[in-house]
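File shown here: target_15.pdb, holding PDB, C-alpha atoms, pLDDT in the B column.
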ATOM      1  CA  MET A   1     -48.465 -71.839 -22.690  1.00 76.00           C
ATOM      2  CA  TRP A   2     -52.010 -71.804 -24.060  1.00 74.00           C
ATOM      3  CA  GLN A   3     -50.694 -71.926 -27.626  1.00 84.00           C
ATOM      4  CA  LEU A   4     -48.419 -74.866 -26.857  1.00 88.00           C
ATOM      5  CA  LEU A   5     -51.297 -76.825 -25.359  1.00 89.00           C
ATOM      6  CA  SER A   6     -53.831 -75.930 -28.038  1.00 87.00           C
ATOM      7  CA  ASN A   7     -51.495 -77.228 -30.727  1.00 90.00           C
ATOM      8  CA  ALA A   8     -50.737 -80.524 -28.982  1.00 95.00           C
ATOM      9  CA  ASP A   9     -52.365 -83.784 -30.046  1.00 96.00           C
ATOM     10  CA  SER A  10     -50.054 -85.604 -27.638  1.00 97.00           C
ATOM     11  CA  VAL A  11     -48.168 -84.639 -24.494  1.00 98.00           C
ATOM     12  CA  LEU A  12     -44.913 -86.397 -23.625  1.00 98.00           C
ATOM     13  CA  LEU A  13     -43.886 -86.267 -19.985  1.00 98.00           C
ATOM     14  CA  ASP A  14     -40.510 -86.793 -18.433  1.00 98.00           C
ATOM     15  CA  PHE A  15     -40.965 -89.023 -15.381  1.00 98.00           C
ATOM     16  CA  ASP A  16     -38.698 -88.069 -12.481  1.00 96.00           C
ATOM     17  CA  GLY A  17     -39.736 -84.468 -11.868  1.00 96.00           C
ATOM     18  CA  PRO A  18     -42.874 -83.752 -13.876  1.00 98.00           C
ATOM     19  CA  VAL A  19     -44.696 -86.913 -12.718  1.00 98.00           C
ATOM     20  CA  CYS A  20     -43.084 -87.656  -9.361  1.00 98.00           C
ATOM     21  CA  SER A  21     -39.980 -87.304  -7.250  1.00 97.00           C
ATOM     22  CA  LEU A  22     -38.639 -90.813  -7.686  1.00 96.00           C
ATOM     23  CA  PHE A  23     -35.989 -90.694  -4.977  1.00 94.00           C
ATOM     24  CA  ALA A  24     -38.008 -88.765  -2.420  1.00 91.00           C
ATOM     25  CA  ALA A  25     -37.546 -91.355   0.332  1.00 90.00           C
ATOM     26  CA  ARG A  26     -34.098 -92.608  -0.616  1.00 83.00           C
ATOM     27  CA  PRO A  27     -31.729 -89.933  -1.940  1.00 88.00           C
ATOM     28  CA  ALA A  28     -30.363 -90.449  -5.437  1.00 90.00           C
ATOM     29  CA  ALA A  29     -26.885 -89.987  -3.950  1.00 90.00           C
ATOM     30  CA  ASP A  30     -27.332 -93.255  -2.028  1.00 92.00           C
ATOM     31  CA  VAL A  31     -28.184 -95.074  -5.249  1.00 91.00           C
ATOM     32  CA  ALA A  32     -25.175 -93.527  -6.988  1.00 90.00           C
ATOM     33  CA  ARG A  33     -22.931 -94.675  -4.147  1.00 90.00           C
ATOM     34  CA  ARG A  34     -24.317 -98.214  -4.372  1.00 90.00           C
ATOM     35  CA  LEU A  35     -23.525 -98.293  -8.089  1.00 90.00           C
ATOM     36  CA  ARG A  36     -19.932 -97.308  -7.351  1.00 88.00           C
ATOM     37  CA  GLU A  37     -19.710-100.015  -4.680  1.00 88.00           C
ATOM     38  CA  LEU A  38     -21.008-102.608  -7.123  1.00 90.00           C
ATOM     39  CA  ALA A  39     -18.563-101.443  -9.791  1.00 86.00           C
ATOM     40  CA  GLY A  40     -15.729-101.896  -7.285  1.00 87.00           C
ATOM     41  CA  GLU A  41     -16.962-105.396  -6.489  1.00 88.00           C
ATOM     42  CA  LEU A  42     -16.935-106.133 -10.221  1.00 84.00           C
ATOM     43  CA  GLY A  43     -13.331-105.031 -10.598  1.00 83.00           C
ATOM     44  CA  VAL A  44     -13.431-101.365 -11.617  1.00 81.00           C
ATOM     45  CA  PRO A  45     -10.279 -99.692 -10.227  1.00 79.00           C
ATOM     46  CA  PRO A  46     -10.937 -97.046  -7.529  1.00 76.00           C
ATOM     47  CA  ARG A  47      -9.192 -94.376  -9.620  1.00 73.00           C
ATOM     48  CA  HIS A  48     -12.037 -94.602 -12.143  1.00 71.00           C
ATOM     49  CA  MET A  49     -14.597 -93.733  -9.463  1.00 71.00           C
ATOM     50  CA  ALA A  50     -12.860 -90.980  -7.525  1.00 65.00           C
ATOM     51  CA  ALA A  51     -13.524 -87.903  -9.636  1.00 64.00           C
ATOM     52  CA  GLY A  52     -15.716 -86.363 -12.282  1.00 69.00           C
ATOM     53  CA  ALA A  53     -19.065 -87.829 -13.253  1.00 67.00           C
ATOM     54  CA  ALA A  54     -18.238 -91.155 -11.621  1.00 70.00           C
ATOM     55  CA  ALA A  55     -18.282 -89.363  -8.262  1.00 73.00           C
ATOM     56  CA  SER A  56     -21.588 -87.660  -9.057  1.00 84.00           C
ATOM     57  CA  GLU A  57     -24.733 -87.912  -6.942  1.00 87.00           C
ATOM     58  CA  ASP A  58     -26.692 -88.552 -10.162  1.00 89.00           C
ATOM     59  CA  PRO A  59     -27.082 -92.332 -10.691  1.00 91.00           C
ATOM     60  CA  HIS A  60     -27.389 -91.908 -14.462  1.00 91.00           C
ATOM     61  CA  ALA A  61     -24.128 -89.952 -14.653  1.00 89.00           C
ATOM     62  CA  VAL A  62     -22.397 -92.663 -12.634  1.00 88.00           C
ATOM     63  CA  LEU A  63     -23.855 -95.421 -14.795  1.00 89.00           C
ATOM     64  CA  LEU A  64     -22.768 -93.758 -18.032  1.00 87.00           C
ATOM     65  CA  THR A  65     -19.257 -92.994 -16.796  1.00 85.00           C
ATOM     66  CA  LEU A  66     -18.641 -96.474 -15.444  1.00 80.00           C
ATOM     67  CA  ALA A  67     -20.087 -98.010 -18.601  1.00 78.00           C
ATOM     68  CA  ARG A  68     -17.464 -96.137 -20.626  1.00 75.00           C
ATOM     69  CA  THR A  69     -14.836 -97.691 -18.372  1.00 68.00           C
ATOM     70  CA  ALA A  70     -15.985-101.109 -19.514  1.00 60.00           C
ATOM     71  CA  GLY A  71     -16.181-100.210 -23.191  1.00 56.00           C
ATOM     72  CA  PRO A  72     -18.688-101.914 -25.526  1.00 53.00           C
ATOM     73  CA  ASP A  73     -20.950-104.274 -23.613  1.00 50.00           C
ATOM     74  CA  THR A  74     -22.106-107.502 -25.175  1.00 41.00           C
ATOM     75  CA  GLY A  75     -24.426-108.582 -22.383  1.00 43.00           C
ATOM     76  CA  PRO A  76     -23.992-110.420 -19.078  1.00 42.00           C
ATOM     77  CA  GLY A  77     -20.427-111.589 -18.581  1.00 45.00           C
ATOM     78  CA  PRO A  78     -19.411-115.004 -17.236  1.00 43.00           C
ATOM     79  CA  GLY A  79     -17.697-113.718 -14.120  1.00 44.00           C
ATOM     80  CA  PRO A  80     -16.563-110.705 -12.103  1.00 41.00           C
ATOM     81  CA  GLY A  81     -14.300-108.006 -13.487  1.00 42.00           C
ATOM     82  CA  PRO A  82     -14.694-105.008 -15.756  1.00 44.00           C
ATOM     83  CA  GLY A  83     -15.382-105.563 -19.414  1.00 49.00           C
ATOM     84  CA  PRO A  84     -18.285-107.228 -21.208  1.00 50.00           C
ATOM     85  CA  GLY A  85     -21.182-107.599 -18.807  1.00 81.00           C
ATOM     86  CA  LEU A  86     -20.281-104.721 -16.473  1.00 83.00           C
ATOM     87  CA  THR A  87     -22.651-102.245 -18.078  1.00 87.00           C
ATOM     88  CA  HIS A  88     -25.474-104.778 -18.052  1.00 89.00           C
ATOM     89  CA  ARG A  89     -24.948-105.557 -14.367  1.00 90.00           C
ATOM     90  CA  LEU A  90     -24.823-101.897 -13.379  1.00 91.00           C
ATOM     91  CA  GLU A  91     -27.899-101.053 -15.428  1.00 94.00           C
ATOM     92  CA  GLN A  92     -29.827-103.929 -13.910  1.00 94.00           C
ATOM     93  CA  ALA A  93     -28.762-102.855 -10.417  1.00 94.00           C
ATOM     94  CA  LEU A  94     -30.009 -99.330 -11.123  1.00 95.00           C
ATOM     95  CA  THR A  95     -33.273-100.723 -12.455  1.00 96.00           C
ATOM     96  CA  GLN A  96     -33.858-102.635  -9.217  1.00 96.00           C
ATOM     97  CA  GLN A  97     -33.125 -99.523  -7.167  1.00 95.00           C
ATOM     98  CA  GLU A  98     -35.550 -97.488  -9.277  1.00 96.00           C
ATOM     99  CA  ILE A  99     -38.298-100.093  -8.893  1.00 97.00           C
ATOM    100  CA  ARG A 100     -37.812 -99.997  -5.123  1.00 95.00           C
ATOM    101  CA  ALA A 101     -37.897 -96.201  -5.159  1.00 95.00           C
ATOM    102  CA  ALA A 102     -41.128 -96.199  -7.164  1.00 97.00           C
ATOM    103  CA  ALA A 103     -42.953 -97.586  -4.127  1.00 96.00           C
ATOM    104  CA  THR A 104     -42.098 -94.492  -2.074  1.00 96.00           C
ATOM    105  CA  ALA A 105     -41.935 -91.858  -4.820  1.00 97.00           C
ATOM    106  CA  ARG A 106     -43.644 -88.552  -4.035  1.00 97.00           C
ATOM    107  CA  PRO A 107     -46.246 -87.440  -6.604  1.00 98.00           C
ATOM    108  CA  THR A 108     -45.524 -84.064  -8.148  1.00 98.00           C
ATOM    109  CA  PRO A 109     -48.215 -81.571  -7.111  1.00 97.00           C
ATOM    110  CA  GLY A 110     -50.739 -81.190  -9.905  1.00 97.00           C
ATOM    111  CA  ALA A 111     -49.435 -84.102 -11.977  1.00 98.00           C
ATOM    112  CA  ARG A 112     -52.413 -86.385 -11.403  1.00 97.00           C
ATOM    113  CA  GLU A 113     -54.920 -83.644 -12.201  1.00 96.00           C
ATOM    114  CA  LEU A 114     -53.051 -82.648 -15.355  1.00 97.00           C
ATOM    115  CA  ILE A 115     -52.778 -86.246 -16.579  1.00 97.00           C
ATOM    116  CA  GLN A 116     -56.465 -86.864 -15.959  1.00 96.00           C
ATOM    117  CA  ALA A 117     -57.507 -83.611 -17.633  1.00 95.00           C
ATOM    118  CA  LEU A 118     -55.423 -84.301 -20.726  1.00 96.00           C
ATOM    119  CA  ASP A 119     -56.720 -87.858 -20.933  1.00 96.00           C
ATOM    120  CA  GLU A 120     -60.325 -86.664 -20.642  1.00 95.00           C
ATOM    121  CA  ARG A 121     -59.740 -84.288 -23.540  1.00 94.00           C
ATOM    122  CA  GLY A 122     -58.458 -87.112 -25.732  1.00 95.00           C
ATOM    123  CA  VAL A 123     -54.835 -85.990 -25.698  1.00 96.00           C
ATOM    124  CA  ARG A 124     -52.518 -88.977 -26.175  1.00 97.00           C
ATOM    125  CA  LEU A 125     -50.027 -89.300 -23.335  1.00 98.00           C
ATOM    126  CA  ALA A 126     -46.588 -90.892 -23.211  1.00 98.00           C
ATOM    127  CA  VAL A 127     -43.639 -91.017 -20.832  1.00 98.00           C
ATOM    128  CA  VAL A 128     -40.127 -90.287 -22.124  1.00 98.00           C
ATOM    129  CA  THR A 129     -37.484 -90.941 -19.490  1.00 98.00           C
ATOM    130  CA  ASN A 130     -33.968 -92.125 -18.754  1.00 96.00           C
ATOM    131  CA  ASN A 131     -35.401 -94.223 -15.925  1.00 97.00           C
ATOM    132  CA  SER A 132     -36.298 -97.878 -16.312  1.00 98.00           C
ATOM    133  CA  PRO A 133     -39.720 -98.380 -17.907  1.00 98.00           C
ATOM    134  CA  LEU A 134     -40.302-101.058 -15.260  1.00 98.00           C
ATOM    135  CA  ALA A 135     -40.026 -98.449 -12.501  1.00 98.00           C
ATOM    136  CA  VAL A 136     -42.319 -96.069 -14.364  1.00 98.00           C
ATOM    137  CA  THR A 137     -44.912 -98.787 -14.874  1.00 98.00           C
ATOM    138  CA  ALA A 138     -44.705 -99.784 -11.207  1.00 98.00           C
ATOM    139  CA  TYR A 139     -45.332 -96.212 -10.089  1.00 98.00           C
ATOM    140  CA  LEU A 140     -48.163 -95.520 -12.521  1.00 98.00           C
ATOM    141  CA  THR A 141     -49.825 -98.811 -11.614  1.00 98.00           C
ATOM    142  CA  ALA A 142     -49.673 -98.063  -7.888  1.00 97.00           C
ATOM    143  CA  GLN A 143     -51.090 -94.597  -8.510  1.00 97.00           C
ATOM    144  CA  ARG A 144     -53.820 -95.949 -10.815  1.00 97.00           C
ATOM    145  CA  LEU A 145     -52.538 -93.784 -13.635  1.00 98.00           C
ATOM    146  CA  LEU A 146     -51.255 -96.435 -16.034  1.00 97.00           C
ATOM    147  CA  THR A 147     -54.291 -96.547 -18.344  1.00 97.00           C
ATOM    148  CA  PRO A 148     -53.699 -93.136 -19.984  1.00 97.00           C
ATOM    149  CA  PHE A 149     -50.137 -94.267 -20.791  1.00 97.00           C
ATOM    150  CA  ALA A 150     -50.848 -97.900 -21.718  1.00 90.00           C
ATOM    151  CA  GLY A 151     -48.227 -99.045 -24.223  1.00 92.00           C
ATOM    152  CA  ARG A 152     -46.587 -95.626 -24.246  1.00 98.00           C
ATOM    153  CA  VAL A 153     -43.921 -95.739 -21.543  1.00 98.00           C
ATOM    154  CA  HIS A 154     -40.570 -95.135 -23.204  1.00 98.00           C
ATOM    155  CA  GLY A 155     -37.604 -95.462 -20.906  1.00 97.00           C
ATOM    156  CA  ARG A 156     -34.037 -96.697 -20.719  1.00 96.00           C
ATOM    157  CA  THR A 157     -32.998 -99.494 -23.042  1.00 94.00           C
ATOM    158  CA  GLY A 158     -29.877-101.643 -23.062  1.00 87.00           C
ATOM    159  CA  ASP A 159     -28.153 -99.090 -25.294  1.00 90.00           C
ATOM    160  CA  LEU A 160     -27.087 -96.331 -22.919  1.00 91.00           C
ATOM    161  CA  SER A 161     -25.954 -94.128 -25.792  1.00 90.00           C
ATOM    162  CA  LEU A 162     -29.664 -93.545 -26.497  1.00 93.00           C
ATOM    163  CA  LEU A 163     -30.392 -91.868 -23.166  1.00 93.00           C
ATOM    164  CA  LYS A 164     -31.568 -88.266 -23.345  1.00 96.00           C
ATOM    165  CA  PRO A 165     -30.316 -85.842 -24.628  1.00 95.00           C
ATOM    166  CA  HIS A 166     -30.494 -88.342 -27.494  1.00 96.00           C
ATOM    167  CA  PRO A 167     -33.999 -88.073 -29.013  1.00 98.00           C
ATOM    168  CA  ASP A 168     -34.588 -91.845 -29.193  1.00 98.00           C
ATOM    169  CA  ALA A 169     -37.245 -91.991 -26.449  1.00 98.00           C
ATOM    170  CA  VAL A 170     -39.008 -88.954 -27.880  1.00 98.00           C
ATOM    171  CA  ARG A 171     -39.096 -90.486 -31.349  1.00 98.00           C
ATOM    172  CA  ARG A 172     -40.433 -93.744 -29.932  1.00 98.00           C
ATOM    173  CA  ALA A 173     -43.155 -91.782 -28.170  1.00 98.00           C
ATOM    174  CA  LEU A 174     -44.112 -90.018 -31.385  1.00 98.00           C
ATOM    175  CA  ARG A 175     -44.459 -93.365 -33.130  1.00 98.00           C
ATOM    176  CA  SER A 176     -46.515 -94.875 -30.310  1.00 98.00           C
ATOM    177  CA  THR A 177     -48.888 -91.910 -30.209  1.00 98.00           C
ATOM    178  CA  GLY A 178     -49.040 -91.546 -33.979  1.00 97.00           C
ATOM    179  CA  THR A 179     -48.227 -87.869 -33.628  1.00 97.00           C
ATOM    180  CA  ALA A 180     -46.253 -85.572 -35.906  1.00 98.00           C
ATOM    181  CA  ALA A 181     -43.421 -83.877 -34.030  1.00 98.00           C
ATOM    182  CA  GLU A 182     -44.881 -80.401 -34.425  1.00 97.00           C
ATOM    183  CA  ARG A 183     -48.211 -81.576 -32.972  1.00 97.00           C
ATOM    184  CA  ALA A 184     -46.654 -82.902 -29.751  1.00 98.00           C
ATOM    185  CA  LEU A 185     -45.467 -81.204 -26.566  1.00 98.00           C
ATOM    186  CA  LEU A 186     -42.731 -82.436 -24.246  1.00 98.00           C
ATOM    187  CA  ILE A 187     -42.851 -81.346 -20.603  1.00 98.00           C
ATOM    188  CA  GLY A 188     -39.493 -81.835 -18.923  1.00 98.00           C
ATOM    189  CA  ASP A 189     -37.394 -80.393 -16.129  1.00 97.00           C
ATOM    190  CA  SER A 190     -33.832 -80.600 -17.427  1.00 96.00           C
ATOM    191  CA  PRO A 191     -31.634 -79.326 -20.252  1.00 97.00           C
ATOM    192  CA  SER A 192     -31.350 -82.913 -21.528  1.00 96.00           C
ATOM    193  CA  ASP A 193     -35.138 -82.982 -21.964  1.00 98.00           C
ATOM    194  CA  LEU A 194     -34.955 -79.751 -23.935  1.00 98.00           C
ATOM    195  CA  ALA A 195     -32.123 -81.055 -26.117  1.00 98.00           C
ATOM    196  CA  ALA A 196     -34.021 -84.285 -26.865  1.00 98.00           C
ATOM    197  CA  ALA A 197     -37.167 -82.344 -27.765  1.00 98.00           C
ATOM    198  CA  GLU A 198     -35.268 -79.992 -30.059  1.00 98.00           C
ATOM    199  CA  ALA A 199     -33.457 -82.849 -31.785  1.00 98.00           C
ATOM    200  CA  ALA A 200     -36.817 -84.500 -32.489  1.00 98.00           C
ATOM    201  CA  GLY A 201     -38.482 -81.256 -33.552  1.00 98.00           C
ATOM    202  CA  VAL A 202     -40.962 -81.316 -30.646  1.00 98.00           C
ATOM    203  CA  PRO A 203     -42.126 -78.137 -28.841  1.00 98.00           C
ATOM    204  CA  PHE A 204     -40.956 -77.960 -25.228  1.00 98.00           C
ATOM    205  CA  LEU A 205     -42.409 -76.693 -21.962  1.00 98.00           C
ATOM    206  CA  GLY A 206     -39.950 -76.551 -19.106  1.00 98.00           C
ATOM    207  CA  PHE A 207     -41.066 -77.513 -15.604  1.00 98.00           C
ATOM    208  CA  ALA A 208     -39.025 -75.627 -13.010  1.00 97.00           C
ATOM    209  CA  PRO A 209     -40.449 -75.857  -9.487  1.00 95.00           C
ATOM    210  CA  HIS A 210     -37.442 -74.035  -8.030  1.00 94.00           C
ATOM    211  CA  ALA A 211     -35.089 -71.258  -9.090  1.00 96.00           C
ATOM    212  CA  ALA A 212     -32.081 -73.478  -9.838  1.00 95.00           C
ATOM    213  CA  ALA A 213     -34.073 -75.544 -12.320  1.00 95.00           C
ATOM    214  CA  GLU A 214     -35.353 -72.407 -14.019  1.00 96.00           C
ATOM    215  CA  ARG A 215     -31.850 -70.988 -14.335  1.00 96.00           C
ATOM    216  CA  ALA A 216     -30.586 -74.230 -15.868  1.00 96.00           C
ATOM    217  CA  LEU A 217     -33.445 -74.398 -18.380  1.00 97.00           C
ATOM    218  CA  ARG A 218     -33.100 -70.753 -19.382  1.00 97.00           C
ATOM    219  CA  ALA A 219     -29.339 -71.141 -19.779  1.00 97.00           C
ATOM    220  CA  ALA A 220     -30.032 -74.092 -22.098  1.00 96.00           C
ATOM    221  CA  GLY A 221     -32.343 -71.935 -24.201  1.00 96.00           C
ATOM    222  CA  ALA A 222     -35.827 -72.896 -22.995  1.00 96.00           C
ATOM    223  CA  ARG A 223     -38.373 -70.279 -24.069  1.00 95.00           C
ATOM    224  CA  HIS A 224     -41.428 -71.546 -22.201  1.00 96.00           C
ATOM    225  CA  ILE A 225     -41.165 -72.448 -18.503  1.00 96.00           C
ATOM    226  CA  THR A 226     -43.694 -73.016 -15.740  1.00 96.00           C
ATOM    227  CA  SER A 227     -43.155 -73.493 -12.023  1.00 96.00           C
ATOM    228  CA  SER A 228     -46.494 -75.228 -11.501  1.00 96.00           C
ATOM    229  CA  LEU A 229     -48.325 -78.075 -13.210  1.00 96.00           C
ATOM    230  CA  GLY A 230     -51.460 -76.596 -11.696  1.00 94.00           C
ATOM    231  CA  ARG A 231     -50.973 -73.605 -13.972  1.00 94.00           C
ATOM    232  CA  VAL A 232     -50.686 -75.927 -16.943  1.00 95.00           C
ATOM    233  CA  ARG A 233     -53.956 -77.558 -15.896  1.00 93.00           C
ATOM    234  CA  GLN A 234     -55.599 -74.144 -15.625  1.00 91.00           C
ATOM    235  CA  ALA A 235     -54.348 -73.199 -19.088  1.00 88.00           C
ATOM    236  CA  LEU A 236     -56.278 -76.129 -20.519  1.00 85.00           C
ATOM    237  CA  GLY A 237     -59.440 -74.142 -19.870  1.00 77.00           C
ATOM    238  CA  GLY A 238     -58.466 -71.744 -22.618  1.00 56.00           C
ATOM    239  CA  SER A 239     -57.307 -74.320 -25.146  1.00 53.00           C
ATOM    240  CA  SER A 240     -59.157 -76.474 -27.630  1.00 50.00           C
ATOM    241  CA  PHE A 241     -58.213 -79.880 -28.951  1.00 47.00           C
ATOM    242  CA  GLY A 242     -59.084 -82.022 -31.918  1.00 43.00           C
TER     243      GLY A 242
END

Translate the structure of the given file into structure tokens.
Amino acid sequence: MWQLLSNADSVLLDFDGPVCSLFAARPAADVARRLRELAGELGVPPRHMAAGAAASEDPHAVLLTLARTAGPDTGPGPGPGPGPGLTHRLEQALTQQEIRAAATARPTPGARELIQALDERGVRLAVVTNNSPLAVTAYLTAQRLLTPFAGRVHGRTGDLSLLKPHPDAVRRALRSTGTAAERALLIGDSPSDLAAAEAAGVPFLGFAPHAAAERALRAAGARHITSSLGRVRQALGGSSFG
């Protein structure tokens, strides 16, 4: 871990997990169910929502699956029914749910201290997430942590094909921090974070606060994993920057 940190001019953080538990007060499964309800109201047949990823408790999996039902989206449609506009409406609904959740999100233990320590050392920070950048900004603002990330929150765009594991957000973060891929470090808690980091050529540190997350990261090929951001903060004492 010390070597990863000592080589990093910038640290890229996934949001939901390494920074906070976004749906701590309202389970993600409730948000996923609301997306399915909205899709039904907009004309998606029930058979498209009964199995597989569409029945998932992960809102992003539901969004992606239902978006494929609609096909290419050209923006807001003129009326109800699947097709052009469905993806936009679902994505906007998820964004509103994420913004609401940001007000009650639970900070990840050690995240604030790590962010502040990295910022004090002059390490450039960025967020790379599949969540809405509006929700991220709302949370960081409420927690008085936005300044270290100013202009470097890279989240979901209108093109859902660019969600992680696609490296788009990671590449945007590299551009915004002015950092070469090999001089950055991505801290994430999922195999999709690892895949995005690898595709962009960025070193990866897995955050696994429980055994299931560690198993998933190791199965995906993660070499460096920590169960505590406090340990990452402690490792800064043995690293040098600049």

Expressed in Å, the length from atom CA of Ala8 of chain A to atom CA of Arg233 of chain A is 13.8 Å

Between atom CA of Arg223 of chain A and atom CA of Asn130 of chain A - distance in Å to one decimal: 22.9 Å

Which residues are close to segment 56-58 of chain A, i.e. within 9 Å by only C-alpha atoms, leaving aside same-chain residues fewer than 5 positions away? Reply as a PyMOL selection string. chain A and resi 27-33+51+63

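One distance worth recording is that between atom CA of Leu94 of chain A and atom CA of Ser161 of chain A, which is 16.1 Å.
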
For Gly43 of chain A, the nearest of the candidates A:Ala196, A:Leu86, A:Ala169, A:Val123, counting all atoms listed in the file: A:Leu86

Take the point (-52.5, -95.8, -16.5) in the file's coordinates, draw a sphere of radius 12 Å around it, and report as a PyMOL selection string every protein, DNA or RNA residue with an atom inside or on it, counting only C-alpha atoms. chain A and resi 112+115-116+119+124-127+136-153

Measuring atom to atom with all atoms listed in the file, identify which of A:Leu66, A:Asp14, A:Gln96, A:His210 is nearest to Arg47 of chain A.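 Ranked by minimum distance to Arg47 of chain A, first place goes to A:Leu66.
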
Picked residues, the PyMOL selection byres ((chain A and resi 3) around 12), expected as a short mmCIF file (atom, residue, chain, number, x, y, z; two decimals) with C-alpha atoms, in the frame of the given file:
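Here's the written file expr36.cif:
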data_model
loop_
_atom_site.label_atom_id
_atom_site.label_comp_id
_atom_site.auth_asym_id
_atom_site.auth_seq_id
_atom_site.Cartn_x
_atom_site.Cartn_y
_atom_site.Cartn_z
CA MET A 1 -48.46 -71.84 -22.69
CA TRP A 2 -52.01 -71.80 -24.06
CA LEU A 4 -48.42 -74.87 -26.86
CA LEU A 5 -51.30 -76.82 -25.36
CA SER A 6 -53.83 -75.93 -28.04
CA ASN A 7 -51.50 -77.23 -30.73
CA ALA A 8 -50.74 -80.52 -28.98
CA ARG A 183 -48.21 -81.58 -32.97
CA ALA A 184 -46.65 -82.90 -29.75
CA LEU A 185 -45.47 -81.20 -26.57
CA PRO A 203 -42.13 -78.14 -28.84
CA PHE A 204 -40.96 -77.96 -25.23
CA LEU A 205 -42.41 -76.69 -21.96
CA HIS A 224 -41.43 -71.55 -22.20
CA VAL A 232 -50.69 -75.93 -16.94
CA ALA A 235 -54.35 -73.20 -19.09
CA LEU A 236 -56.28 -76.13 -20.52
CA GLY A 237 -59.44 -74.14 -19.87
CA GLY A 238 -58.47 -71.74 -22.62
CA SER A 239 -57.31 -74.32 -25.15
CA SER A 240 -59.16 -76.47 -27.63
CA PHE A 241 -58.21 -79.88 -28.95
#

Do a neighbour search on Pro191 of chain A at 7 Å with only C-alpha atoms, toss out local chain neighbours closer than 4 positions, and write the hits as a PyMOL selection string. chain A and resi 195+216-217+220

Would you output that residue set with C-alpha atoms, as a compact mmCIF listing (two decimals), keeping the file's coordinate frame?
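This went into selection31.txt:
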# COMPACT_ATOMS: atom_id res chain seq x y z
CA ALA A 195 -32.12 -81.06 -26.12
CA ALA A 216 -30.59 -74.23 -15.87
CA LEU A 217 -33.44 -74.40 -18.38
CA ALA A 220 -30.03 -74.09 -22.10

Run the PyMOL selection byres ((chain A and resi 133) around 7) on the file and write out the hits as a list in words. Asn131, Ser132, Leu134, Ala135, Val136, Thr137, Val153, His154, Gly155 and Arg156 of chain A

Using the chain letters and numbers from the file, give me the residues hit by the PyMOL selection byres ((chain A and resi 187) around 6), as a list in words.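 Output of the PyMOL selection byres ((chain A and resi 187) around 6): Leu13, Leu186, Gly188, Leu205 and Gly206 of chain A.
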
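Considering the residues A:Asp189, A:Ala93, A:Thr129, A:Gln234 and counting only C-alpha atoms, Leu162 of chain A has its shortest atom-to-atom contact with A:Thr129.
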
Let me make sure I understand: among A:Ile99, A:Ala105, A:Ala222, A:Leu22, which one has the smallest atom-to-atom distance to Ser192 of chain A if we use all atoms listed in the file? A:Ala222

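Within 10 Å of Pro109 of chain A, once only C-alpha atoms are used and residues closer than 2 positions along the same chain are dropped, the contacting residues are Pro18, Val19, Cys20, Arg106, Pro107, Ala111, Arg112, Glu113, Leu114, Pro209, Ser228, Leu229 and Gly230 of chain A.
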